[in-house]
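**Q** Below you'll find work.cif; it's mmCIF, C-alpha atoms.
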data_target
#
loop_
_atom_site.label_atom_id
_atom_site.label_comp_id
_atom_site.auth_asym_id
_atom_site.auth_seq_id
_atom_site.Cartn_x
_atom_site.Cartn_y
_atom_site.Cartn_z
CA MET A 87 0.00 0.00 0.00
CA THR A 88 1.38 3.39 -0.96
CA GLN A 89 1.88 6.28 1.40
CA GLU A 90 -1.09 8.15 -0.07
CA GLN A 91 -3.36 5.10 0.12
CA THR A 92 -2.48 4.65 3.80
CA ILE A 93 -3.24 8.30 4.52
CA ILE A 94 -6.57 8.16 2.71
CA ASN A 95 -7.64 4.99 4.53
CA LEU A 96 -6.87 6.63 7.86
CA VAL A 97 -8.90 9.68 6.83
CA LYS A 98 -11.88 7.52 5.81
CA ASN A 99 -11.95 5.59 9.08
CA TYR A 100 -11.52 8.72 11.16
CA LEU A 101 -14.30 10.67 9.44
CA VAL A 102 -16.85 7.85 9.68
CA HIS A 103 -16.78 8.04 13.46
CA LYS A 104 -16.42 11.81 13.81
CA GLY A 105 -18.97 13.48 11.55
CA PHE A 106 -17.75 16.98 10.69
CA VAL A 107 -13.99 17.48 11.20
CA LYS A 108 -11.50 20.25 10.53
CA LEU A 109 -8.52 19.59 8.31
CA ASN A 110 -6.22 20.35 11.24
CA ASN A 111 -7.91 17.64 13.35
CA ILE A 112 -7.40 15.09 10.57
CA GLN A 113 -3.72 16.00 10.28
CA ASN A 114 -3.13 15.70 14.03
CA HIS A 115 -4.97 12.37 14.17
CA ILE A 116 -2.81 10.83 11.45
CA ILE A 117 0.44 12.18 12.87
CA ASP A 118 -0.45 10.75 16.30
CA SER A 119 -1.51 7.36 14.90
CA GLN A 120 0.48 4.13 15.21
CA ASN A 121 1.16 4.23 11.47
CA SER A 122 2.78 7.65 11.59
CA GLN A 123 6.39 6.50 11.79
CA ALA A 124 6.04 4.14 8.81
CA ILE A 125 4.27 6.78 6.73
CA PHE A 126 6.57 9.69 7.47
CA ASN A 127 10.00 8.15 8.08
CA ASN A 128 11.48 10.57 5.51
CA TYR A 129 9.75 13.66 6.94
CA ALA A 130 11.70 15.52 9.61
CA SER A 131 9.23 18.22 10.64
CA GLU A 132 5.57 18.20 11.63
CA THR A 133 4.93 20.99 9.12
CA ALA A 134 6.14 18.76 6.29
CA LYS A 135 3.95 15.89 7.48
CA LYS A 136 0.87 18.13 7.63
CA ALA A 137 1.59 19.47 4.16
CA LYS A 138 1.74 15.91 2.77
CA ILE A 139 -1.57 15.00 4.43
CA ARG A 140 -3.21 18.19 3.16
CA ASP A 141 -1.98 17.70 -0.40
CA THR A 142 -3.12 14.06 -0.41
CA ILE A 143 -6.60 15.03 0.81
CA TYR A 144 -6.93 17.79 -1.78
CA LYS A 145 -5.77 15.43 -4.52
CA TYR A 146 -8.21 12.71 -3.47
CA SER A 147 -11.16 15.05 -2.99
CA LYS A 148 -10.67 16.50 -6.47
CA ASP A 149 -11.82 19.87 -5.20
CA SER A 150 -9.82 22.13 -7.50
CA ASP A 151 -11.18 25.29 -5.87
CA ILE A 152 -9.56 24.47 -2.54
CA ALA A 153 -6.27 22.98 -3.73
CA MET A 154 -4.41 26.28 -3.34
CA HIS A 155 -6.30 27.54 -0.28
CA SER A 156 -4.48 27.87 3.03
CA GLY A 157 -7.53 28.18 5.29
CA GLU A 158 -9.10 25.38 7.33
CA TYR A 159 -12.08 23.43 6.06
CA LEU A 160 -14.60 21.02 7.48
CA PHE A 161 -14.87 17.56 5.97
CA GLU A 162 -17.36 14.74 6.50
CA SER A 163 -17.69 11.09 5.56
CA LYS A 164 -20.09 10.54 2.68
CA TYR A 165 -21.17 7.17 4.07
CA GLU A 166 -21.91 5.96 7.57
CA LYS A 167 -19.76 2.85 7.19
CA VAL A 168 -16.37 2.34 5.56
CA THR A 169 -16.89 0.81 2.11
CA PRO A 170 -14.62 0.21 -0.92
CA ASN A 171 -16.23 3.29 -2.47
CA GLN A 172 -15.91 5.39 0.66
CA GLU A 173 -15.62 9.08 -0.04
CA PHE A 174 -15.34 12.19 2.02
CA ARG A 175 -16.34 15.67 1.07
CA LEU A 176 -15.72 19.29 1.83
CA ILE A 177 -18.48 20.93 3.87
CA LYS A 178 -17.58 24.60 4.19
CA ASN A 179 -14.91 27.11 5.02
CA SER A 180 -14.64 27.02 8.80
CA LYS A 181 -13.57 30.66 8.87
CA GLN A 182 -17.12 31.80 8.12
CA GLU A 183 -17.89 35.01 9.99
CA GLY A 184 -20.96 35.20 12.19
CA PRO A 185 -23.39 32.43 13.17
CA GLN A 186 -24.81 29.67 11.06
CA TYR A 187 -28.59 29.61 10.69
CA PHE A 188 -30.91 26.63 10.98
CA ILE A 189 -34.62 25.86 10.69
CA VAL A 190 -36.10 23.20 13.00
CA PHE A 191 -39.55 21.67 12.53
CA GLN A 192 -40.70 20.66 16.00
CA GLY A 193 -44.46 20.20 15.89
CA LYS A 194 -45.61 18.07 18.82
CA THR A 195 -42.15 18.16 20.46
CA TYR A 196 -42.02 21.97 20.51
CA LYS A 197 -43.29 22.57 24.05
CA GLU A 198 -41.05 19.87 25.49
CA GLU A 199 -37.90 20.91 23.62
CA TYR A 200 -38.55 24.57 24.44
CA LYS A 201 -39.04 23.74 28.12
CA GLU A 202 -35.89 21.62 28.33
CA GLY A 203 -33.83 23.96 26.13
CA ILE A 204 -32.73 21.26 23.69
CA LEU A 205 -32.73 19.87 20.18
CA TRP A 206 -32.57 16.07 19.90
CA ALA A 207 -32.48 13.60 17.02
CA PRO A 208 -31.63 9.89 16.78
CA ARG A 209 -28.29 8.64 15.46
CA LYS A 210 -29.96 5.84 13.52
CA SER A 211 -33.35 5.05 12.10
CA LYS A 212 -35.41 2.67 14.19
CA ASN A 213 -34.67 -0.15 11.73
CA GLY A 214 -30.92 0.44 12.17
CA SER A 215 -30.33 2.26 8.88
CA ASP A 216 -28.15 5.35 8.54
CA PRO A 217 -29.36 8.63 10.09
CA LYS A 218 -31.32 11.09 7.99
CA PHE A 219 -29.32 14.11 6.87
CA HIS A 220 -31.64 16.39 8.85
CA TRP A 221 -30.86 14.45 12.05
CA LYS A 222 -27.13 14.51 11.40
CA ASN A 223 -27.28 18.29 10.99
CA LEU A 224 -27.23 18.54 14.78
CA THR A 225 -23.53 17.67 14.69
CA ALA A 226 -22.89 20.80 12.60
CA CYS A 227 -24.33 23.13 15.25
CA GLN A 228 -21.79 25.40 16.92
CA PRO A 229 -22.15 27.68 19.96
CA GLY A 230 -23.68 30.97 18.86
CA ASP A 231 -25.56 29.51 15.89
CA ILE A 232 -29.19 30.59 15.50
CA VAL A 233 -32.12 28.17 15.22
CA PHE A 234 -35.63 29.23 14.18
CA SER A 235 -38.42 26.97 15.47
CA ILE A 236 -41.20 26.43 12.93
CA VAL A 237 -44.65 25.35 14.14
CA ASN A 238 -47.60 25.35 11.74
CA ASN A 239 -45.50 27.15 9.12
CA ARG A 240 -44.79 30.05 11.48
CA VAL A 241 -41.57 31.10 13.22
CA ASN A 242 -42.56 30.44 16.85
CA ALA A 243 -39.25 30.82 18.66
CA LYS A 244 -35.63 31.74 18.19
CA GLY A 245 -32.86 29.80 19.86
CA ILE A 246 -29.14 30.32 20.34
CA VAL A 247 -26.99 27.17 20.37
CA GLU A 248 -25.07 26.98 23.65
CA LYS A 249 -22.97 23.82 23.20
CA LYS A 250 -21.92 21.39 20.50
CA ALA A 251 -23.90 18.18 20.05
CA ILE A 252 -23.33 15.37 22.54
CA LEU A 253 -24.60 11.80 22.60
CA ALA A 254 -27.67 11.53 24.84
CA PRO A 255 -30.65 9.21 25.36
CA ASN A 256 -34.08 9.96 23.90
CA PRO A 257 -35.58 12.63 26.20
CA PHE A 258 -39.13 12.14 24.97
CA ASP A 259 -41.71 9.80 26.42
CA ASN A 260 -42.22 7.79 23.24
CA ASP A 261 -40.73 4.90 21.28
CA LEU A 262 -40.73 6.56 17.86
CA TRP A 263 -36.93 6.48 17.67
CA ILE A 264 -34.00 4.51 18.99
CA ASN A 265 -32.79 5.53 22.43
CA GLU A 266 -29.42 7.05 21.48
CA GLY A 267 -29.13 10.31 19.62
CA TRP A 268 -27.52 13.74 19.36
CA LEU A 269 -28.52 16.47 21.80
CA VAL A 270 -27.81 20.18 21.47
CA ASP A 271 -28.41 22.72 24.25
CA VAL A 272 -30.34 25.75 23.02
CA ASP A 273 -31.30 29.00 24.75
CA TYR A 274 -34.82 29.59 23.42
CA TYR A 275 -37.11 32.52 23.65
CA MET A 276 -40.59 32.68 22.21
CA VAL A 277 -41.48 35.34 19.66
CA ASP A 278 -44.90 36.71 18.89
CA ASP A 279 -44.02 38.48 15.68
CA GLY A 280 -42.46 35.59 13.76
CA ILE A 281 -43.64 35.48 10.18
CA LYS A 282 -45.63 32.80 8.42
CA ILE A 283 -43.38 31.35 5.72
CA LYS A 284 -46.14 31.00 3.11
CA ASP A 285 -46.85 34.72 3.33
CA HIS A 286 -43.27 35.55 2.36
CA ILE A 287 -42.41 32.72 -0.03
CA ASP A 288 -42.01 35.05 -3.03
CA ILE A 289 -39.19 36.84 -1.21
CA ILE A 290 -37.78 33.70 0.44
CA ARG A 291 -37.81 31.51 -2.71
CA PRO A 292 -34.50 32.80 -4.19
CA MET A 293 -32.80 32.22 -0.81
CA LEU A 294 -33.68 28.50 -0.78
CA THR A 295 -31.23 25.86 -1.97
CA ASP A 296 -32.15 23.31 -4.61
CA LYS A 297 -31.12 20.45 -2.32
CA TYR A 298 -32.03 19.98 1.34
CA SER A 299 -34.32 23.01 1.41
CA PRO A 300 -36.60 23.23 4.46
CA PHE A 301 -39.45 24.67 2.39
CA LYS A 302 -41.05 23.87 -0.95
CA LYS A 303 -40.21 26.65 -3.37
CA GLU A 304 -43.59 26.52 -5.07
CA THR A 305 -45.84 26.81 -2.01
CA GLY A 306 -43.75 27.62 1.05
CA ASN A 307 -44.93 24.46 2.82
CA GLY A 308 -42.35 22.66 4.90
CA ASN A 309 -40.47 19.64 3.60
CA VAL A 310 -40.31 16.46 5.66
CA GLY A 311 -37.43 16.64 8.10
CA TYR A 312 -36.20 18.00 11.41
CA LEU A 313 -33.17 20.34 11.32
CA PHE A 314 -32.19 22.17 8.12
CA LYS A 315 -29.20 24.41 7.48
CA ILE A 316 -30.27 27.60 5.73
CA SER A 317 -28.34 30.35 4.00
CA ASN A 318 -27.07 33.36 5.91
CA GLU A 319 -29.22 35.51 3.65
CA LEU A 320 -32.40 33.68 4.69
CA GLY A 321 -31.30 33.62 8.33
CA ARG A 322 -30.79 37.37 8.40
CA TYR A 323 -34.10 37.90 6.62
CA LEU A 324 -36.03 35.89 9.23
CA ASN A 325 -34.12 37.51 12.08
CA GLN A 326 -35.22 41.01 11.14
CA PHE A 327 -38.83 40.11 11.98
CA ILE A 328 -38.05 38.96 15.51
CA SER A 329 -37.99 41.31 18.49
CA ASP A 330 -36.07 40.65 21.69
CA GLU A 331 -39.04 40.64 24.08
CA TYR A 332 -42.31 38.77 24.17
CA LYS A 333 -45.27 41.15 23.85
CA SER A 334 -48.41 40.32 21.96
CA ASP A 335 -51.96 41.38 21.36
CA HIS A 336 -52.45 38.17 19.38
CA ILE A 337 -51.44 35.49 21.84
CA ASP A 338 -53.85 32.97 20.32
CA ASP A 339 -51.51 32.83 17.34
CA ILE A 340 -48.82 31.29 19.56
CA PHE A 341 -50.58 28.36 21.19
CA GLU A 342 -54.07 27.01 21.40
CA ILE A 343 -55.45 25.70 24.67
CA SER A 344 -56.45 22.07 24.47
CA GLU A 345 -60.10 21.16 24.95
CA ASP A 346 -59.18 19.43 28.22
CA GLU A 347 -57.49 22.56 29.57
CA GLU A 348 -60.40 24.76 28.51
CA THR A 349 -62.83 22.40 30.23
CA ILE A 350 -60.78 22.48 33.43
CA LEU A 351 -60.70 26.28 33.37
CA GLU A 352 -64.45 26.57 32.84
CA SER A 353 -65.15 24.03 35.58
CA ILE A 354 -63.03 26.04 38.04
CA LEU A 355 -65.10 29.15 37.52
CA GLU A 356 -68.34 27.20 37.63
CA ALA A 357 -67.37 25.34 40.82
CA GLU A 358 -66.43 28.61 42.51
CA GLY A 359 -69.66 30.26 41.37
CA LEU A 360 -67.68 32.98 39.65
CA SER A 361 -67.63 34.76 36.34
CA GLU A 362 -64.69 36.68 34.95
CA ALA A 363 -66.39 39.92 35.93
CA ASP A 364 -66.72 39.30 39.66
CA MET A 365 -63.48 37.53 40.56
CA MET A 366 -61.40 39.36 43.11
CA ILE A 367 -58.71 38.85 45.70
CA ILE A 368 -57.52 41.08 48.52
CA GLU A 369 -53.92 42.23 48.74
CA ASP A 370 -52.04 41.68 51.98
CA ALA A 371 -48.52 42.54 53.15
CA PRO A 372 -45.73 39.95 52.75
CA PRO A 373 -44.84 37.85 55.82
CA ILE A 374 -42.97 39.92 58.42
CA LYS A 375 -40.45 37.19 59.13
CA SER A 376 -39.05 34.29 57.16
CA ASN A 377 -41.45 31.48 56.41
CA LYS A 378 -38.59 28.97 56.48
CA PRO A 379 -39.26 26.19 59.04
CA ASN A 380 -37.06 26.11 62.15
CA THR A 381 -36.01 22.51 61.59
CA ASN A 382 -35.30 20.23 58.65
CA LYS A 383 -37.01 17.29 60.34
CA LYS A 384 -40.09 16.08 58.59
CA ARG A 385 -42.83 13.76 59.73
CA VAL A 386 -43.53 11.15 57.07
CA ARG A 387 -47.00 9.69 56.74
CA TYR A 388 -47.30 6.58 54.64
CA LYS A 389 -50.18 7.27 52.35
CA LYS A 390 -50.74 6.15 48.80
CA THR A 391 -51.12 9.17 46.52
CA ASP A 392 -53.42 9.30 43.52
CA TYR A 393 -51.07 11.32 41.34
CA LEU A 394 -53.59 11.82 38.55
CA LYS A 395 -56.04 13.44 40.93
CA LYS A 396 -53.24 15.42 42.56
CA ALA A 397 -52.11 16.68 39.15
CA GLU A 398 -55.66 17.74 38.32
CA ARG A 399 -55.97 19.55 41.66
CA ASP A 400 -52.62 21.28 41.09
CA ILE A 401 -53.68 22.40 37.60
CA LYS A 402 -56.97 23.78 38.93
CA LYS A 403 -55.21 25.53 41.81
CA GLY A 404 -52.67 27.14 39.47
CA TYR A 405 -55.27 28.18 36.90
CA PHE A 406 -57.51 29.69 39.53
CA ALA A 407 -54.70 31.71 41.15
CA GLU A 408 -53.48 33.00 37.78
CA LYS A 409 -56.99 33.96 36.70
CA LEU A 410 -57.51 35.88 39.94
CA VAL A 411 -54.28 37.83 39.43
CA GLU A 412 -55.12 38.60 35.81
CA ALA A 413 -58.48 39.99 36.90
CA TYR A 414 -56.86 41.95 39.73
CA GLU A 415 -54.32 43.59 37.43
CA LYS A 416 -56.97 44.58 34.90
CA ASN A 417 -59.25 46.00 37.57
CA TYR A 418 -56.38 47.94 39.16
CA LEU A 419 -55.32 49.54 35.87
CA ILE A 420 -58.90 50.49 35.07
CA SER A 421 -59.27 52.02 38.54
CA ILE A 422 -56.33 54.37 37.95
CA GLY A 423 -57.57 55.43 34.54
CA ARG A 424 -55.31 53.17 32.44
CA GLU A 425 -57.91 51.11 30.63
CA ASP A 426 -55.61 51.22 27.59
CA LEU A 427 -53.06 49.19 29.56
CA ALA A 428 -55.70 46.94 31.12
CA ASN A 429 -56.67 45.79 27.64
CA LYS A 430 -53.08 44.70 27.02
CA VAL A 431 -52.72 42.52 30.15
CA LYS A 432 -52.04 38.95 29.01
CA TRP A 433 -52.28 35.64 30.82
CA VAL A 434 -49.35 34.09 28.96
CA ALA A 435 -49.23 30.90 31.08
CA LYS A 436 -52.65 29.96 29.74
CA GLU A 437 -50.94 29.38 26.41
CA ALA A 438 -47.51 28.06 27.45
CA ASP A 439 -45.60 27.58 30.68
CA ASN A 440 -42.08 28.35 29.51
CA PHE A 441 -41.85 32.11 29.80
CA GLY A 442 -40.63 32.16 33.41
CA TYR A 443 -43.68 34.23 34.36
CA ASP A 444 -47.47 33.84 34.13
CA ILE A 445 -48.97 37.29 33.61
CA LEU A 446 -47.70 40.17 31.47
CA SER A 447 -49.03 43.38 33.02
CA PHE A 448 -48.01 47.03 33.42
CA ASP A 449 -47.50 49.67 36.08
CA GLU A 450 -49.22 53.06 35.94
CA ASN A 451 -46.45 54.44 33.71
CA GLY A 452 -46.74 51.64 31.17
CA ASN A 453 -43.61 49.77 32.26
CA ASP A 454 -43.75 45.99 31.91
CA LYS A 455 -44.56 43.81 34.92
CA TYR A 456 -43.61 40.14 34.54
CA ILE A 457 -45.72 38.40 37.19
CA GLU A 458 -45.13 34.84 38.38
CA VAL A 459 -48.18 33.56 40.28
CA LYS A 460 -47.82 31.04 43.11
CA GLY A 461 -51.10 29.68 44.44
CA THR A 462 -51.88 27.53 47.47
CA THR A 463 -54.91 26.44 49.46
CA LEU A 464 -52.74 26.79 52.57
CA GLY A 465 -51.85 29.89 54.53
CA LYS A 466 -49.71 32.93 54.03
CA SER A 467 -46.48 31.51 55.40
CA HIS A 468 -46.40 28.30 53.37
CA PRO A 469 -43.28 28.17 51.10
CA PHE A 470 -43.60 27.83 47.33
CA ASP A 471 -41.66 26.03 44.60
CA VAL A 472 -39.80 27.85 41.85
CA SER A 473 -38.12 26.48 38.74
CA LYS A 474 -34.66 27.28 37.42
CA ASN A 475 -36.31 29.02 34.47
CA GLU A 476 -38.26 31.26 36.86
CA VAL A 477 -35.13 32.10 38.86
CA ASP A 478 -33.19 32.89 35.70
CA THR A 479 -36.04 35.03 34.36
CA SER A 480 -36.28 36.92 37.66
CA ILE A 481 -32.55 37.70 37.51
CA GLU A 482 -32.84 38.84 33.89
CA LYS A 483 -35.98 40.99 34.42
CA LYS A 484 -35.18 41.92 38.04
CA ASP A 485 -36.84 45.34 38.62
CA ASN A 486 -39.72 44.34 36.35
CA TYR A 487 -40.22 40.88 37.88
CA TRP A 488 -42.93 40.23 40.47
CA ILE A 489 -44.08 37.31 42.58
CA TYR A 490 -47.79 37.28 43.51
CA ARG A 491 -48.31 34.70 46.26
CA VAL A 492 -52.02 33.79 46.34
CA TYR A 493 -53.14 31.83 49.42
CA ASN A 494 -56.32 30.54 51.09
CA LEU A 495 -57.58 29.49 47.67
CA ASP A 496 -60.18 27.15 49.21
CA SER A 497 -61.71 29.92 51.30
CA ASN A 498 -64.47 32.35 50.40
CA GLN A 499 -61.87 35.10 50.23
CA PRO A 500 -58.49 34.27 48.66
CA MET A 501 -55.73 36.75 49.46
CA PHE A 502 -52.29 37.53 48.12
CA TYR A 503 -49.08 39.37 48.83
CA LYS A 504 -46.49 40.44 46.29
CA PHE A 505 -42.85 41.36 46.11
CA ASN A 506 -40.60 42.67 43.39
CA GLY A 507 -37.10 41.70 42.20
CA SER A 508 -34.77 38.78 41.68
CA LEU A 509 -35.80 35.55 43.43
CA GLU A 510 -32.13 35.01 44.18
CA GLU A 511 -32.04 38.22 46.23
CA GLU A 512 -35.56 38.23 47.69
CA CYS A 513 -35.81 34.57 48.74
CA GLU A 514 -33.68 31.89 50.32
CA LEU A 515 -33.61 29.20 47.64
CA ILE A 516 -33.22 25.62 48.88
CA PRO A 517 -32.69 22.80 46.30
CA SER A 518 -35.43 20.18 46.48
CA SER A 519 -35.10 18.43 43.12
CA TYR A 520 -32.26 17.39 40.83
CA LYS A 521 -31.95 15.96 37.32
CA ALA A 522 -29.96 12.73 37.56
CA TYR A 523 -27.99 10.90 34.87
CA ILE A 524 -26.42 7.47 35.26
CA LYS A 525 -22.63 7.67 35.36
CA GLU A 526 -20.68 5.91 32.66
#
For the file at hand, write its structure as structure tokens.
**A**
Amino acid sequence: MTQEQTIINLVKNYLVHKGFVKLNNIQNHIIDSQNSQAIFNNYASETAKKAKIRDTIYKYSKDSDIAMHSGEYLFESKYEKVTPNQEFRLIKNSKQEGPQYFIVFQGKTYKEEYKEGILWAPRKSKNGSDPKFHWKNLTACQPGDIVFSIVNNRVNAKGIVEKKAILAPNPFDNDLWINEGWLVDVDYYMVDDGIKIKDHIDIIRPMLTDKYSPFKKETGNGNVGYLFKISNELGRYLNQFISDEYKSDHIDDIFEISEDEETILESILEAEGLSEADMMIIEDAPPIKSNKPNTNKKRVRYKKTDYLKKAERDIKKGYFAEKLVEAYEKNYLISIGREDLANKVKWVAKEADNFGYDILSFDENGNDKYIEVKGTTLGKSHPFDVSKNEVDTSIEKKDNYWIYRVYNLDSNQPMFYKFNGSLEEECELIPSSYKAYIKE
């Protein structure tokens, strides 16, 4: 076997297991391999060895446009397994300025992926065949890249890639795919002004590629697939329609409440003998002293819990508290002559629970109030649970972030107290739940 044949075989085997790889990584891998001494016994310097590897790759790839280029490039294996016809190909110039842009079609997985801050796709088809190209695209994601979430042909969220893809088990409660796949951490935020692709297809059409396009050029409908790389031109075009904050007078365009959730909400009002017009709660002062218990000891009572009924009670309790606060905020703004602002108050948690707050309201000057509602049937001093997302949102929004603690929900007169600011500064946060992964 010639020197060049040995180099090419090492490249093929390396790329099959690595996905997208820089030229420099390939060179280092071959130089560090067990075959290095036999291949390069006449090469004194590492620079000379790297030059030989580079020239061999360029010669084999037959990419005449890169043969004289000194920059680094990304390469990938053309096939999932090493075959006699194995090839590898150039992907792109790795010195591209700015982020890459992607489109992800999430559909039924949108809420879950948004909540967990992830993208996930299997490494193989369920029958064991090679991964689809739109699954493998996760391995091309780099920190800082931008991902647009498409639901029902509309841009629903924008995400920033935080880390490169890692191998991770299927995070969804289904058996549609094999258990192992690629996972990418994404910092999402929902947008209310994302465009509908069909409405802009005449402008978008020239920005779509002939191969692996996320949308059909003729209609603007989405093609079958998960994650698609799009051109920088299209990415910048979509980005100009997206604001940095969630505000909407058309929240129904974001999510629709399920029939089950609507039924629960209606039954709450009916059971309480209330209509939207006559709901009210009374404001109280926050607890004077800490509501933290004096001891960590806990009495355990062995009682079988009906978790379905508990979940239903928790949903009803949360809905009722949030509805009370929404009504309170609207009534307050009307009472001070700001009916214009009262009409803009939105119960965002009715549509999705990933914002880090439940109610979008305003103060008398029109400044935003991001209100997280915590409801309980117990008393004023009972502690409440908060999520990491809520803590992070409170830190980000800080002076505009509010907690409304609604208590005595089972009584004839629910009450609440409120406080303003970061949960990290205003509360003593004690961990009570962890996400656990099995160690390798």
**Q** Do a neighbour search on Ile289 in chain A at 12 Å with all atoms listed in the file, toss out local chain neighbours closer than 5 positions, and write the hits as a compact mmCIF listing (two decimals) with C-alpha atoms, in the coordinates of the input.
**A**
# COMPACT_ATOMS: atom_id res chain seq x y z
CA ILE A 283 -43.38 31.35 5.72
CA LYS A 284 -46.14 31.00 3.11
CA LEU A 294 -33.68 28.50 -0.78
CA LYS A 303 -40.21 26.65 -3.37
CA GLU A 304 -43.59 26.52 -5.07
CA GLY A 306 -43.75 27.62 1.05
CA GLU A 319 -29.22 35.51 3.65
CA LEU A 320 -32.40 33.68 4.69
CA TYR A 323 -34.10 37.90 6.62
CA LEU A 324 -36.03 35.89 9.23
**Q** Looking at only C-alpha atoms, which of A:Phe470, A:Tyr493, A:Trp221, A:Tyr196 is the one that sits closest to Cys513 in chain A?
**A**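 Looking only at the distances to Cys513 in chain A, the closest residue turns out to be A:Phe470.
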**Q** Please evaluate the PyMOL selection byres ((chain A and resi 233) around 8) against the structure above and give the resulting residues as a VMD selection string.
**A** chain A and resid 187 to 190 231 to 232 234 to 235 244 to 247
**Q** Please write the residues picked by the PyMOL selection byres ((chain A and resi 446) around 10) on this file as a VMD selection string.
**A** chain A and resid 332 to 334 412 415 430 to 435 443 to 445 447 to 448 454 to 458 487
**Q** What is the CA of Arg424 in chain A-CA of Glu450 in chain A distance in Å, reported with one decimal?
**A**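 Atom-to-atom, CA of Arg424 in chain A to CA of Glu450 in chain A, that is 7.0 Å.
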**Q** Determine, for each residue of range 284-305 of chain A having at least one atom at most 12 Å from an atom of range 237-240 of chain A, the closest pair of atoms and their separation in Å to one decimal, counting all atoms listed in the file; order by chain and ascending number, as a Markdown table.
**A**
| residue | atom | partner | partner_atom | distance |
| --- | --- | --- | --- | --- |
| A:Lys284 | CA | A:Asn239 | CA | 7.2 |
| A:Asp285 | CA | A:Arg240 | CA | 9.6 |
| A:His286 | CA | A:Arg240 | CA | 10.8 |
| A:Ile287 | CA | A:Asn239 | CA | 11.1 |
| A:Pro300 | CA | A:Asn239 | CA | 10.8 |
| A:Phe301 | CA | A:Asn239 | CA | 9.4 |
| A:Lys302 | CA | A:Asn239 | CA | 11.5 |
| A:Thr305 | CA | A:Asn239 | CA | 11.1 |
**Q** Quote the spacing between CA of Tyr298 in chain A and CA of Arg209 in chain A in Å to one decimal place.
**A**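 According to the coordinates, CA of Tyr298 in chain A and CA of Arg209 in chain A are separated by 18.5 Å.
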**Q** List as a CSV table (one decimal) with C-alpha atoms, in the frame of the given file the protein and nucleic acid residues near range 260-273 of chain A, meaning an atom at most 6 Å away when all atoms listed in the file are counted, but skip any in the same chain fewer than 2 places from it.
**A**
chain,number,residue,atom,x,y,z
A,203,GLY,CA,-33.8,24.0,26.1
A,204,ILE,CA,-32.7,21.3,23.7
A,205,LEU,CA,-32.7,19.9,20.2
A,206,TRP,CA,-32.6,16.1,19.9
A,207,ALA,CA,-32.5,13.6,17.0
A,208,PRO,CA,-31.6,9.9,16.8
A,209,ARG,CA,-28.3,8.6,15.5
A,212,LYS,CA,-35.4,2.7,14.2
A,245,GLY,CA,-32.9,29.8,19.9
A,246,ILE,CA,-29.1,30.3,20.3
A,247,VAL,CA,-27.0,27.2,20.4
A,248,GLU,CA,-25.1,27.0,23.6
A,249,LYS,CA,-23.0,23.8,23.2
A,251,ALA,CA,-23.9,18.2,20.0
A,252,ILE,CA,-23.3,15.4,22.5
A,253,LEU,CA,-24.6,11.8,22.6
A,254,ALA,CA,-27.7,11.5,24.8
A,255,PRO,CA,-30.6,9.2,25.4
A,256,ASN,CA,-34.1,10.0,23.9
A,258,PHE,CA,-39.1,12.1,25.0
**Q** Need the neighbours of (-50.2, 33.6, 47.9): which residues are at most 7 Å away, counting only C-alpha atoms, as a ChimeraX atom specification?
**A** /A:460-462,466,490-493,501-503
**Q** How far is it from CA of Asn506 in chain A to CA of Lys483 in chain A, in Å with one decimal?
**A**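 That distance, rounded to one decimal, is 10.2 Å.
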**Q** I need the residue set behind the PyMOL selection byres ((chain A and resi 133-136) around 10) for this file; please write it as a PyMOL selection string.
**A** chain A and resi 109-110+112-114+116-117+122+125-132+137-142
**Q** Those same residues - C-alpha atoms - I'd like them written as a PDB file, in the frame of the given file.
**A**
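What ended up in again.pdb:
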ATOM      1  CA  LEU A 109      -8.520  19.590   8.310  1.00  0.00           C
ATOM      2  CA  ASN A 110      -6.220  20.350  11.240  1.00  0.00           C
ATOM      3  CA  ILE A 112      -7.400  15.090  10.570  1.00  0.00           C
ATOM      4  CA  GLN A 113      -3.720  16.000  10.280  1.00  0.00           C
ATOM      5  CA  ASN A 114      -3.130  15.700  14.030  1.00  0.00           C
ATOM      6  CA  ILE A 116      -2.810  10.830  11.450  1.00  0.00           C
ATOM      7  CA  ILE A 117       0.440  12.180  12.870  1.00  0.00           C
ATOM      8  CA  SER A 122       2.780   7.650  11.590  1.00  0.00           C
ATOM      9  CA  ILE A 125       4.270   6.780   6.730  1.00  0.00           C
ATOM     10  CA  PHE A 126       6.570   9.690   7.470  1.00  0.00           C
ATOM     11  CA  ASN A 127      10.000   8.150   8.080  1.00  0.00           C
ATOM     12  CA  ASN A 128      11.480  10.570   5.510  1.00  0.00           C
ATOM     13  CA  TYR A 129       9.750  13.660   6.940  1.00  0.00           C
ATOM     14  CA  ALA A 130      11.700  15.520   9.610  1.00  0.00           C
ATOM     15  CA  SER A 131       9.230  18.220  10.640  1.00  0.00           C
ATOM     16  CA  GLU A 132       5.570  18.200  11.630  1.00  0.00           C
ATOM     17  CA  ALA A 137       1.590  19.470   4.160  1.00  0.00           C
ATOM     18  CA  LYS A 138       1.740  15.910   2.770  1.00  0.00           C
ATOM     19  CA  ILE A 139      -1.570  15.000   4.430  1.00  0.00           C
ATOM     20  CA  ARG A 140      -3.210  18.190   3.160  1.00  0.00           C
ATOM     21  CA  ASP A 141      -1.980  17.700  -0.400  1.00  0.00           C
ATOM     22  CA  THR A 142      -3.120  14.060  -0.410  1.00  0.00           C
TER      23      THR A 142
END
**Q** Calculated over only C-alpha atoms, which of the candidates A:Gly230, A:Thr92, A:Asn99, A:Glu199 has the smallest distance to Asn121 in chain A?
**A**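 Once distances to Asn121 in chain A are computed over only C-alpha atoms, the minimum belongs to A:Thr92.
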